[in-house]
Amino acid sequence: MLVLMLVAATTLQPCLFASARQLCRTHMVRTGKVFHVRQQIQGDQLYFSSMTSHLIKHPCKKNIALYLGRRLFFTRDNFRSSLLPLSIPTSMKAGLPEVTSAHIAGSVLLLVVSRKVYIYNYEANYWNTSIGIEHPVSHVSGDNCCYSGHPFCVDISNSVFAYLHGDQISQTNIYFSNNGGFRYQKFAYEKQAELVGSLGGIFYFHSLSQVGLLLIDQGKARFSYSEHPLNFSFGLPFDYNGTLNILITPGQKGILIFWFERSLLLSRNSGQLVYPVQVKEGPHTLLSSISEANVTIYSVAANEYELAVLTRENNLYYGSLGILSTSLIKFTGQNIWSQEAALMFTDVGRVEILVPLSDPVFPAFDFEKCPVNIQAILMDPQLQVDVCKVELLQGEFDNKMYTIDMNSELELTALMIPRPGMSLVPLAMVSNPHSLGLQAVIYEDGYTYDGNTRHRLLRPQVLENPERTWPWPSPQAEHFPEAAAPLGQSRPQLHLQTALISVGCDQEKKIVIQNEISACYNGILDPVGLQDNYSYVIERDAYDPNFQGQKASEDLVVHYHYEKLGCPHLVYYNTPWKPVVELWREGKFQEVIQAEFVLLEVNGLFTYTYSLTANTALCRSQPQNWTTIMSDAGDKGLFSWNRENYVSCHDPDNNAPLMWPDVPYQILGGPTANKVIFEQRNGIYIFYISIVDPYYSYCHLETTFSVYVYGAFPLSVIPTAVIIIPLVVMLLSVWLVYAIPKLLHTEKGLRFKSFWAHLCRRCRKACFRGGN
């Protein structure tokens with residue numbers, strides 16, 4: 001999940017109607033035509049289905065762009081050289097080479113040609129057909145994340161939808177690709193069959209962790225969302241006149257631009273609220289929408305911070321994409337429109353009008369460029385543009401990506417210096433308040449050399465929202481915007497300060513088992529010997545290779561990996577034990593983990609149990625154990641007990657009956673005092689540990705460690721009865737040898753001795769008579 005934080009001006013106020021000067025000077029780009037080497041167009045030449053020209057720029061690789069008009073041109077140097085029209089190889093058998101939609105996904109160009117998706121890998125220069133699409137499609141949609149190296153950013157760039165625009169939404173087929181458009185699978189949208197209207201588009205809004213479906217019905221449109229909590233309602237409806245082109249601005253800010261010949265709409269919150277863009281045509285003239293200006297929109301361009309519109313009436317409109325409102329200022333002064341013209345931003349505050357020009361001799365087209373310096377035009381005093389109220393707005397987090405995990409926080413700072421005599425109203429926000437909370441403190445931080453006050457926005461402290469009730473992260477781009485005050489349009493370079501925050505697993509986190517007393521420290525084991533290919537034997541009566549508690553058929557030889565496990569922790573066998581689990585981040589200790597976790601001996605040793613049962617652990621329902629987890633794991637592997645499948649037996653919503661209250665309770669940590677009890681066996685145990693509490697971290701925190709159990713006497717191989725009976729007889733004999741002589745000297749002893757002597761005489765007489 002990603003969140004966007006923005007720090008910038010609350011509004012960017014446009015000002016006067018600008019017609020006081022020439023907007024730009026045209027020049028032609030013509031290269032590679034010195035020598036008469038004729039290049040040939042191979043394949044079927046592509047063309048765009050729309051009556052207007054579009055231009056798509058790669059938001060990360062600024063020199064890569066695609067021009068769509070009567071012909072298609074793909075450039076890797078920002079149209080600084082003459083180009084052949086783009087064509088698709090005849091081997092692709094595309095049929096009619098009409099392009100209805102295009103998208104640049106990473107290093108590939110996706111084109112919808114004759115209701116099929118084709119891939120052009122411009123780095124390797126080869127074409128291919130997408131796999132998995134079984135029905136006609138007309139459009140593709142996706143986004144690009146420019147924070148290279150972040151795995152979540154790669155997932156954003158690889159996510160692509162393919163769909164048929166205008167199809168009945170209840171029965172349409174939507175396809176999704178997570179590998180940049182190479183392979184698709186059907187996308188299952190919950191309750192799609194219940195939705196009414198036609199499909200106007202489907203988009204992945206990373207700033208909300210939502211998939212948005214645009215529904216069109218009876219001249220109105222609104223968005224439906226896929227995930228909690230927005231899936232319980234729709235976005236507000238808006239007028240849908242004609243077939244609106246939808247432009248997603250770069251940066252995962254959730255800004256959408258909807259435009260047609262007579263309509264220009266804007267949304268800053270991923271379609272939840274869509275409204276017309278206002279137009280200023282003079283110092284005192286403010287139009288509520290561009291339709292009131294009686295102009296025909298021909299081309300629209302936008303970057304992270306700005307919007308530009310070219311009309312058939314030779315007008316250029318410009319506006320900044322502020323936080324609270326956006327309105328356009330009108331520039332005129334020369335003929336800038338043509339049938340092939342298209343707009344694009346080359347930098348902040350710099351717009352370029354591009355027109356392809358055919359060559360009667362060479363098949364390669366040249367390009368006429370008309371660069372417009374917005375900053376220079378706005379500085380003209382005759383235009384009476386509002387003065388910028390901020391001298392400096394600088395956030396140390398601007399255009400950076402961060403990760404925030406559960407129970408974590410970020411501390412970010414921004415510096416603001418207002419113009420003398422100007423007051424500022426700081427504004428900080430997140431794009432998805434359902435995921436994150438925010439605290440901000442502003443204070444005066446000294447003065448500049450000219451006596452201006454420095455303001456420090458301390459710690460827009462991003463905290464996980466306590467109202468968040470679901471523990472699973474979903475891919476989301478959460479932005480944090482901060483705004484200072486109305487800036488005015490006189491400084492396009494002074495823009496929102498934004499940070500992209502990934503709400504999910506912090507890859508820098510890991511768990512470490514505390515090992516203050518090791519077997520090597522006490523001299524029980526030799527660390528040198530452990531590193532020298534050390535191995536040990538587990539008796540067949542002590543382990544089960546299938547982890548079911550059954551005795552094995554043969555002994556097991558285990559090779560000890562000292563590099564991974566280190567020296568084992570020392571544990572006395574007759575003392576209940578629980579490992580102390582520490583959380584570390586970037587090599588620094590954070591805390592001792594109190595969350596619930598589980599253990600499993602990796603070699604199948606079962607000569608240990610737990611101090612608590614399900615009953616003594618006060619379980620409300622039958623607790624999970626390794627046996628049930630492994631039976632349900634299937635192909636996921638043995639060590640599959642984690643935060644995603646853990647269900648607490650103390651959860652009041654867990655309805656599993658407590659049928660076996662006397663089974664061992666195998667979860668450690670958390671609300672119980674459960675511990676491990678080792679049987680009478682000395683030796684090494686290698687444990688796998690996994691944090692299973694779903695509300696501690698989005699990460700799968702797991703590791704392996706070793707312990708050495710000592711102090712247990714060896715078990716006897718002789719039955720106990722065989723040892724005890726001879727011992728009792730021997731002790732009785734010793735006692736008789738001591739007691740009988742002493743007893744014979746007493747009165748009772750003399751009578752006892754006389755009785756036996758008399759008995760012996762009578763026996764001899766009887767034996768003598770019988771012999772005669």
# chains A, B, ... in the order shown; residues from 1 in each chain; ligands from 1

call {"tool": "residues_around", "arguments": {"residues": "Arg312 of chain A", "least_positions_apart": "5", "cutoff": "8 Å", "atoms": "only C-alpha atoms", "output": "PyMOL selection string"}}
result
chain A and resi 295-298+337-338

call {"tool": "residues_around", "arguments": {"residues": "segment 611-620 of chain A", "least_positions_apart": "2", "cutoff": "7 Å", "atoms": "only C-alpha atoms", "output": "PDB file with N, CA and C atoms, in the first residue's frame"}}
result
ATOM      1  N   THR A 609       7.655 -30.220  24.505  1.00  0.00           N
ATOM      2  CA  THR A 609       6.230 -29.923  24.530  1.00  0.00           C
ATOM      3  C   THR A 609       6.046 -28.515  25.080  1.00  0.00           C
ATOM      4  N   GLN A 622     -10.943 -23.912  19.470  1.00  0.00           N
ATOM      5  CA  GLN A 622      -9.848 -24.855  19.287  1.00  0.00           C
ATOM      6  C   GLN A 622      -8.653 -24.156  18.650  1.00  0.00           C
ATOM      7  N   PRO A 623      -7.491 -24.180  19.308  1.00  0.00           N
ATOM      8  CA  PRO A 623      -6.331 -23.476  18.752  1.00  0.00           C
ATOM      9  C   PRO A 623      -5.726 -24.242  17.573  1.00  0.00           C
ATOM     10  N   CYS A 649      -7.085 -18.315  19.074  1.00  0.00           N
ATOM     11  CA  CYS A 649      -8.153 -19.015  19.778  1.00  0.00           C
ATOM     12  C   CYS A 649      -8.821 -18.120  20.811  1.00  0.00           C
ATOM     13  N   HIS A 650      -8.267 -16.919  21.022  1.00  0.00           N
ATOM     14  CA  HIS A 650      -8.874 -15.962  21.936  1.00  0.00           C
ATOM     15  C   HIS A 650      -9.768 -14.971  21.204  1.00  0.00           C
ATOM     16  N   LEU A 658     -14.159 -25.739  20.971  1.00  0.00           N
ATOM     17  CA  LEU A 658     -13.039 -26.273  21.740  1.00  0.00           C
ATOM     18  C   LEU A 658     -13.348 -27.733  22.066  1.00  0.00           C
ATOM     19  N   PRO A 661      -9.622 -29.855  24.757  1.00  0.00           N
ATOM     20  CA  PRO A 661      -9.024 -28.827  25.617  1.00  0.00           C
ATOM     21  C   PRO A 661      -7.658 -29.211  26.186  1.00  0.00           C
ATOM     22  N   ASP A 662      -7.289 -30.497  26.127  1.00  0.00           N
ATOM     23  CA  ASP A 662      -6.045 -30.928  26.756  1.00  0.00           C
ATOM     24  C   ASP A 662      -4.870 -30.999  25.789  1.00  0.00           C
ATOM     25  N   VAL A 663      -5.063 -30.599  24.536  1.00  0.00           N
ATOM     26  CA  VAL A 663      -3.941 -30.632  23.591  1.00  0.00           C
ATOM     27  C   VAL A 663      -2.978 -29.499  23.927  1.00  0.00           C
ATOM     28  N   PRO A 664      -1.679 -29.681  23.648  1.00  0.00           N
ATOM     29  CA  PRO A 664      -0.714 -28.605  23.934  1.00  0.00           C
ATOM     30  C   PRO A 664      -1.030 -27.350  23.139  1.00  0.00           C
ATOM     31  N   TYR A 665      -0.862 -26.236  23.791  1.00  0.00           N
ATOM     32  CA  TYR A 665      -1.052 -24.934  23.151  1.00  0.00           C
ATOM     33  C   TYR A 665       0.292 -24.500  22.579  1.00  0.00           C
ATOM     34  N   THR A 672      -0.441 -14.957  26.722  1.00  0.00           N
ATOM     35  CA  THR A 672      -0.218 -16.118  27.583  1.00  0.00           C
ATOM     36  C   THR A 672       1.228 -16.175  28.059  1.00  0.00           C
ATOM     37  N   ASN A 674       2.925 -19.058  28.036  1.00  0.00           N
ATOM     38  CA  ASN A 674       3.301 -20.374  27.543  1.00  0.00           C
ATOM     39  C   ASN A 674       4.809 -20.470  27.345  1.00  0.00           C
ATOM     40  N   LYS A 675       5.354 -21.653  27.640  1.00  0.00           N
ATOM     41  CA  LYS A 675       6.791 -21.896  27.480  1.00  0.00           C
ATOM     42  C   LYS A 675       7.024 -23.297  26.945  1.00  0.00           C
ATOM     43  N   VAL A 676       8.258 -23.528  26.499  1.00  0.00           N
ATOM     44  CA  VAL A 676       8.669 -24.828  25.964  1.00  0.00           C
ATOM     45  C   VAL A 676       9.274 -25.653  27.088  1.00  0.00           C
ATOM     46  N   ILE A 677       8.903 -26.933  27.144  1.00  0.00           N
ATOM     47  CA  ILE A 677       9.463 -27.864  28.126  1.00  0.00           C
ATOM     48  C   ILE A 677      10.163 -28.987  27.364  1.00  0.00           C
TER      49      ILE A 677
END

call {"tool": "select_by_dssp", "arguments": {"residues": "segment 560-683 of chain A", "states": "helix (DSSP H, G or I)", "output": "list of chain:residue names"}}
result
A:Tyr562, A:Glu563, A:Lys564, A:Leu565, A:Trp626, A:Thr627, A:Thr628, A:Ile629, A:Met630, A:Ser631, A:Asp632, A:Ala633, A:Gly634, A:Asp635, A:Lys636

call {"tool": "write_last_selection", "arguments": {"atoms": "N, CA and C atoms", "output": "PDB file, in the first residue's frame"}}
result
ATOM      1  N   TYR A 562      27.372 -23.235  10.943  1.00  0.00           N
ATOM      2  CA  TYR A 562      27.767 -22.239  11.935  1.00  0.00           C
ATOM      3  C   TYR A 562      27.620 -20.819  11.388  1.00  0.00           C
ATOM      4  N   GLU A 563      27.884 -20.630  10.085  1.00  0.00           N
ATOM      5  CA  GLU A 563      27.799 -19.294   9.506  1.00  0.00           C
ATOM      6  C   GLU A 563      26.387 -18.718   9.653  1.00  0.00           C
ATOM      7  N   LYS A 564      25.387 -19.564   9.601  1.00  0.00           N
ATOM      8  CA  LYS A 564      24.007 -19.112   9.678  1.00  0.00           C
ATOM      9  C   LYS A 564      23.477 -19.106  11.106  1.00  0.00           C
ATOM     10  N   LEU A 565      23.875 -20.094  11.891  1.00  0.00           N
ATOM     11  CA  LEU A 565      23.273 -20.282  13.212  1.00  0.00           C
ATOM     12  C   LEU A 565      24.123 -19.756  14.359  1.00  0.00           C
ATOM     13  N   TRP A 626       0.672 -27.197  14.533  1.00  0.00           N
ATOM     14  CA  TRP A 626       1.459 -27.471  13.338  1.00  0.00           C
ATOM     15  C   TRP A 626       0.852 -28.589  12.498  1.00  0.00           C
ATOM     16  N   THR A 627       0.190 -29.521  13.125  1.00  0.00           N
ATOM     17  CA  THR A 627      -0.407 -30.628  12.368  1.00  0.00           C
ATOM     18  C   THR A 627      -1.512 -30.120  11.442  1.00  0.00           C
ATOM     19  N   THR A 628      -2.393 -29.275  11.972  1.00  0.00           N
ATOM     20  CA  THR A 628      -3.479 -28.755  11.137  1.00  0.00           C
ATOM     21  C   THR A 628      -2.953 -27.793  10.086  1.00  0.00           C
ATOM     22  N   ILE A 629      -1.940 -27.007  10.430  1.00  0.00           N
ATOM     23  CA  ILE A 629      -1.377 -26.058   9.464  1.00  0.00           C
ATOM     24  C   ILE A 629      -0.737 -26.803   8.301  1.00  0.00           C
ATOM     25  N   MET A 630       0.019 -27.860   8.595  1.00  0.00           N
ATOM     26  CA  MET A 630       0.689 -28.600   7.527  1.00  0.00           C
ATOM     27  C   MET A 630      -0.299 -29.348   6.647  1.00  0.00           C
ATOM     28  N   SER A 631      -1.382 -29.827   7.242  1.00  0.00           N
ATOM     29  CA  SER A 631      -2.376 -30.534   6.438  1.00  0.00           C
ATOM     30  C   SER A 631      -3.092 -29.592   5.488  1.00  0.00           C
ATOM     31  N   ASP A 632      -3.221 -28.317   5.884  1.00  0.00           N
ATOM     32  CA  ASP A 632      -3.875 -27.333   5.021  1.00  0.00           C
ATOM     33  C   ASP A 632      -2.916 -26.623   4.081  1.00  0.00           C
ATOM     34  N   ALA A 633      -1.606 -26.807   4.304  1.00  0.00           N
ATOM     35  CA  ALA A 633      -0.624 -26.034   3.528  1.00  0.00           C
ATOM     36  C   ALA A 633      -0.554 -26.490   2.087  1.00  0.00           C
ATOM     37  N   GLY A 634      -0.681 -27.768   1.847  1.00  0.00           N
ATOM     38  CA  GLY A 634      -0.571 -28.272   0.485  1.00  0.00           C
ATOM     39  C   GLY A 634       0.823 -28.073  -0.066  1.00  0.00           C
ATOM     40  N   ASP A 635       0.928 -27.345  -1.180  1.00  0.00           N
ATOM     41  CA  ASP A 635       2.220 -27.117  -1.839  1.00  0.00           C
ATOM     42  C   ASP A 635       2.971 -25.917  -1.282  1.00  0.00           C
ATOM     43  N   LYS A 636       2.444 -25.281  -0.237  1.00  0.00           N
ATOM     44  CA  LYS A 636       3.084 -24.087   0.294  1.00  0.00           C
ATOM     45  C   LYS A 636       4.312 -24.409   1.145  1.00  0.00           C
TER      46      LYS A 636
END

call {"tool": "residues_around", "arguments": {"residues": "segment 56-66 of chain A", "least_positions_apart": "3", "cutoff": "7 Å", "atoms": "only C-alpha atoms", "output": "ChimeraX atom specification"}}
result
/A:73-78,104,144,146,250

call {"tool": "write_last_selection", "arguments": {"atoms": "C-alpha atoms", "output": "PDB file, in the first residue's frame"}}
result
ATOM      1  CA  PHE A  73       5.953   8.425 -34.081  1.00  0.00           C
ATOM      2  CA  PHE A  74       7.969   6.869 -31.289  1.00  0.00           C
ATOM      3  CA  THR A  75      11.023   8.773 -30.053  1.00  0.00           C
ATOM      4  CA  ARG A  76      13.815   7.999 -27.655  1.00  0.00           C
ATOM      5  CA  ASP A  77      15.374  11.485 -27.823  1.00  0.00           C
ATOM      6  CA  ASN A  78      12.332  13.701 -27.249  1.00  0.00           C
ATOM      7  CA  ILE A 104       4.186   2.884 -22.139  1.00  0.00           C
ATOM      8  CA  ASN A 144       4.558   4.139 -14.079  1.00  0.00           C
ATOM      9  CA  CYS A 146       9.756   6.333 -11.077  1.00  0.00           C
ATOM     10  CA  PRO A 250       2.429  11.133 -13.194  1.00  0.00           C
TER      11      PRO A 250
END

call {"tool": "residues_around", "arguments": {"residues": "segment 525-542 of chain A", "least_positions_apart": "3", "cutoff": "7 Å", "atoms": "only C-alpha atoms", "output": "ChimeraX atom specification"}}
result
/A:519-520,551-560,562,567,605-607

call {"tool": "write_last_selection", "arguments": {"atoms": "all heavy atoms", "output": "CSV table (one decimal), in the first residue's frame"}}
result
chain,number,residue,atom,x,y,z
A,519,ALA,N,26.3,-21.9,24.4
A,519,ALA,CA,27.0,-23.1,24.8
A,519,ALA,C,28.5,-23.0,24.6
A,519,ALA,O,29.3,-23.7,25.3
A,519,ALA,CB,26.5,-24.3,23.9
A,520,CYS,N,29.0,-22.1,23.7
A,520,CYS,CA,30.4,-21.9,23.6
A,520,CYS,C,31.0,-21.0,24.7
A,520,CYS,O,32.1,-21.2,25.1
A,520,CYS,CB,30.6,-21.1,22.2
A,520,CYS,SG,30.1,-22.1,20.8
A,551,LYS,N,8.1,-42.1,15.4
A,551,LYS,CA,9.5,-42.4,15.4
A,551,LYS,C,10.0,-42.8,14.0
A,551,LYS,O,9.3,-43.4,13.2
A,551,LYS,CB,9.8,-43.6,16.4
A,551,LYS,CG,9.5,-43.2,17.8
A,551,LYS,CD,9.8,-44.4,18.7
A,551,LYS,CE,9.4,-44.0,20.2
A,551,LYS,NZ,9.7,-45.2,21.1
A,552,ALA,N,11.2,-42.4,13.7
A,552,ALA,CA,11.8,-42.7,12.4
A,552,ALA,C,12.4,-44.0,12.4
A,552,ALA,O,12.5,-44.7,13.4
A,552,ALA,CB,12.9,-41.6,12.1
A,553,SER,N,12.8,-44.5,11.2
A,553,SER,CA,13.3,-45.9,11.0
A,553,SER,C,14.8,-45.9,11.2
A,553,SER,O,15.4,-47.0,11.3
A,553,SER,CB,12.9,-46.4,9.7
A,553,SER,OG,13.4,-45.6,8.6
A,554,GLU,N,15.5,-44.8,11.1
A,554,GLU,CA,17.0,-44.7,11.2
A,554,GLU,C,17.4,-43.4,11.8
A,554,GLU,O,16.7,-42.4,11.8
A,554,GLU,CB,17.6,-44.9,9.8
A,554,GLU,CG,17.2,-43.9,8.8
A,554,GLU,CD,17.8,-44.2,7.4
A,554,GLU,OE1,18.4,-45.3,7.2
A,554,GLU,OE2,17.7,-43.3,6.5
A,555,ASP,N,18.6,-43.4,12.3
A,555,ASP,CA,19.2,-42.2,12.8
A,555,ASP,C,19.5,-41.2,11.7
A,555,ASP,O,19.6,-41.5,10.5
A,555,ASP,CB,20.5,-42.5,13.6
A,555,ASP,CG,20.3,-43.4,14.8
A,555,ASP,OD1,19.2,-43.5,15.2
A,555,ASP,OD2,21.3,-43.9,15.3
A,556,LEU,N,19.6,-39.9,12.1
A,556,LEU,CA,19.7,-38.8,11.2
A,556,LEU,C,21.0,-38.1,11.5
A,556,LEU,O,21.3,-37.7,12.7
A,556,LEU,CB,18.6,-37.8,11.3
A,556,LEU,CG,18.7,-36.6,10.4
A,556,LEU,CD1,18.6,-37.0,8.9
A,556,LEU,CD2,17.5,-35.6,10.7
A,557,VAL,N,21.9,-37.9,10.5
A,557,VAL,CA,23.1,-37.1,10.6
A,557,VAL,C,22.8,-35.7,10.1
A,557,VAL,O,22.4,-35.5,9.0
A,557,VAL,CB,24.3,-37.8,9.9
A,557,VAL,CG1,25.5,-36.9,10.0
A,557,VAL,CG2,24.5,-39.2,10.3
A,558,VAL,N,23.1,-34.7,11.0
A,558,VAL,CA,22.8,-33.3,10.7
A,558,VAL,C,24.1,-32.6,10.7
A,558,VAL,O,24.9,-32.6,11.6
A,558,VAL,CB,21.9,-32.7,11.7
A,558,VAL,CG1,21.6,-31.2,11.4
A,558,VAL,CG2,20.6,-33.5,11.8
A,559,HIS,N,24.3,-31.8,9.6
A,559,HIS,CA,25.5,-31.0,9.5
A,559,HIS,C,25.2,-29.6,10.0
A,559,HIS,O,24.2,-29.0,9.5
A,559,HIS,CB,26.0,-30.9,8.0
A,559,HIS,CG,26.5,-32.2,7.5
A,559,HIS,ND1,27.7,-32.7,7.7
A,559,HIS,CD2,25.8,-33.1,6.7
A,559,HIS,CE1,27.9,-33.9,7.2
A,559,HIS,NE2,26.7,-34.2,6.5
A,560,TYR,N,25.9,-29.1,10.9
A,560,TYR,CA,25.7,-27.8,11.5
A,560,TYR,C,26.2,-26.7,10.7
A,560,TYR,O,27.4,-26.6,10.4
A,560,TYR,CB,26.2,-27.8,13.0
A,560,TYR,CG,25.8,-26.6,13.8
A,560,TYR,CD1,24.6,-26.6,14.4
A,560,TYR,CD2,26.6,-25.5,13.9
A,560,TYR,CE1,24.2,-25.6,15.2
A,560,TYR,CE2,26.2,-24.5,14.7
A,560,TYR,CZ,25.0,-24.5,15.4
A,560,TYR,OH,24.6,-23.4,16.1
A,562,TYR,N,27.4,-23.2,10.9
A,562,TYR,CA,27.8,-22.2,11.9
A,562,TYR,C,27.6,-20.8,11.4
A,562,TYR,O,27.3,-19.9,12.1
A,562,TYR,CB,29.2,-22.5,12.4
A,562,TYR,CG,29.7,-21.6,13.4
A,562,TYR,CD1,29.4,-21.8,14.8
A,562,TYR,CD2,30.4,-20.4,13.1
A,562,TYR,CE1,29.9,-21.0,15.8
A,562,TYR,CE2,30.9,-19.5,14.1
A,562,TYR,CZ,30.6,-19.8,15.4
A,562,TYR,OH,31.0,-19.0,16.4
A,567,CYS,N,26.7,-19.9,17.5
A,567,CYS,CA,26.8,-20.8,18.6
A,567,CYS,C,25.5,-21.0,19.3
A,567,CYS,O,24.8,-20.0,19.5
A,567,CYS,CB,27.9,-20.3,19.6
A,567,CYS,SG,28.4,-21.6,20.8
A,605,LEU,N,12.5,-33.1,15.3
A,605,LEU,CA,12.6,-33.5,16.7
A,605,LEU,C,11.3,-33.2,17.4
A,605,LEU,O,10.7,-32.1,17.3
A,605,LEU,CB,13.8,-32.7,17.4
A,605,LEU,CG,15.2,-33.3,17.3
A,605,LEU,CD1,16.2,-32.4,17.8
A,605,LEU,CD2,15.2,-34.6,18.1
A,606,PHE,N,10.8,-34.2,18.2
A,606,PHE,CA,9.6,-34.0,18.9
A,606,PHE,C,9.7,-34.2,20.4
A,606,PHE,O,8.7,-34.4,21.1
A,606,PHE,CB,8.5,-34.9,18.4
A,606,PHE,CG,8.8,-36.3,18.3
A,606,PHE,CD1,8.9,-37.1,19.4
A,606,PHE,CD2,9.1,-36.9,17.0
A,606,PHE,CE1,9.3,-38.5,19.3
A,606,PHE,CE2,9.5,-38.3,16.9
A,606,PHE,CZ,9.6,-39.0,18.1
A,607,THR,N,11.0,-34.1,20.9
A,607,THR,CA,11.2,-34.3,22.3
A,607,THR,C,11.1,-33.0,23.1
A,607,THR,O,12.0,-32.7,23.9
A,607,THR,CB,12.6,-34.9,22.5
A,607,THR,OG1,13.6,-34.1,21.8
A,607,THR,CG2,12.7,-36.3,21.9

call {"tool": "residues_around", "arguments": {"residues": "Tyr449 of chain A", "least_positions_apart": "4", "cutoff": "12 Å", "atoms": "only C-alpha atoms", "output": "list in words"}}
result
Ile417, Thr453 and Arg454 of chain A

call {"tool": "write_last_selection", "arguments": {"atoms": "N, CA and C atoms", "output": "PDB file, in the first residue's frame"}}
result
ATOM      1  N   ILE A 417       9.697  29.692   3.788  1.00  0.00           N
ATOM      2  CA  ILE A 417      10.045  31.088   4.010  1.00  0.00           C
ATOM      3  C   ILE A 417       9.059  31.943   3.216  1.00  0.00           C
ATOM      4  N   THR A 453      11.250  35.597   8.227  1.00  0.00           N
ATOM      5  CA  THR A 453      11.085  34.505   9.194  1.00  0.00           C
ATOM      6  C   THR A 453      11.156  33.155   8.489  1.00  0.00           C
ATOM      7  N   ARG A 454      11.897  32.265   9.083  1.00  0.00           N
ATOM      8  CA  ARG A 454      11.958  30.882   8.599  1.00  0.00           C
ATOM      9  C   ARG A 454      10.962  30.039   9.409  1.00  0.00           C
TER      10      ARG A 454
END

call {"tool": "residues_around", "arguments": {"residues": "segment 350-366 of chain A", "least_positions_apart": "2", "cutoff": "6 Å", "atoms": "only C-alpha atoms", "output": "ChimeraX atom specification"}}
result
/A:29-30,82-84,340-348,368-374

call {"tool": "write_last_selection", "arguments": {"atoms": "C-alpha atoms", "output": "PDB file, in the first residue's frame"}}
result
ATOM      1  CA  VAL A  29      14.146  19.486 -36.300  1.00  0.00           C
ATOM      2  CA  ARG A  30      15.669  17.844 -39.376  1.00  0.00           C
ATOM      3  CA  SER A  82      13.685  13.028 -37.844  1.00  0.00           C
ATOM      4  CA  LEU A  83      11.657   9.826 -37.519  1.00  0.00           C
ATOM      5  CA  LEU A  84       9.983   7.238 -39.677  1.00  0.00           C
ATOM      6  CA  GLU A 340      -1.269  17.750 -36.473  1.00  0.00           C
ATOM      7  CA  ALA A 341      -0.305  19.787 -33.401  1.00  0.00           C
ATOM      8  CA  ALA A 342       0.191  18.143 -30.001  1.00  0.00           C
ATOM      9  CA  LEU A 343       1.222  19.467 -26.587  1.00  0.00           C
ATOM     10  CA  MET A 344       3.858  18.163 -24.219  1.00  0.00           C
ATOM     11  CA  PHE A 345       5.746  19.378 -21.145  1.00  0.00           C
ATOM     12  CA  THR A 346       9.525  19.275 -21.487  1.00  0.00           C
ATOM     13  CA  ASP A 347      10.174  20.564 -17.959  1.00  0.00           C
ATOM     14  CA  VAL A 348       8.411  22.386 -15.152  1.00  0.00           C
ATOM     15  CA  GLU A 368       8.324  21.673 -36.008  1.00  0.00           C
ATOM     16  CA  LYS A 369       8.675  22.732 -32.401  1.00  0.00           C
ATOM     17  CA  CYS A 370       7.324  25.800 -30.679  1.00  0.00           C
ATOM     18  CA  PRO A 371       8.676  25.934 -27.097  1.00  0.00           C
ATOM     19  CA  VAL A 372       6.734  28.083 -24.619  1.00  0.00           C
ATOM     20  CA  ASN A 373       8.498  29.408 -21.504  1.00  0.00           C
ATOM     21  CA  ILE A 374       5.586  29.797 -19.098  1.00  0.00           C
TER      22      ILE A 374
END
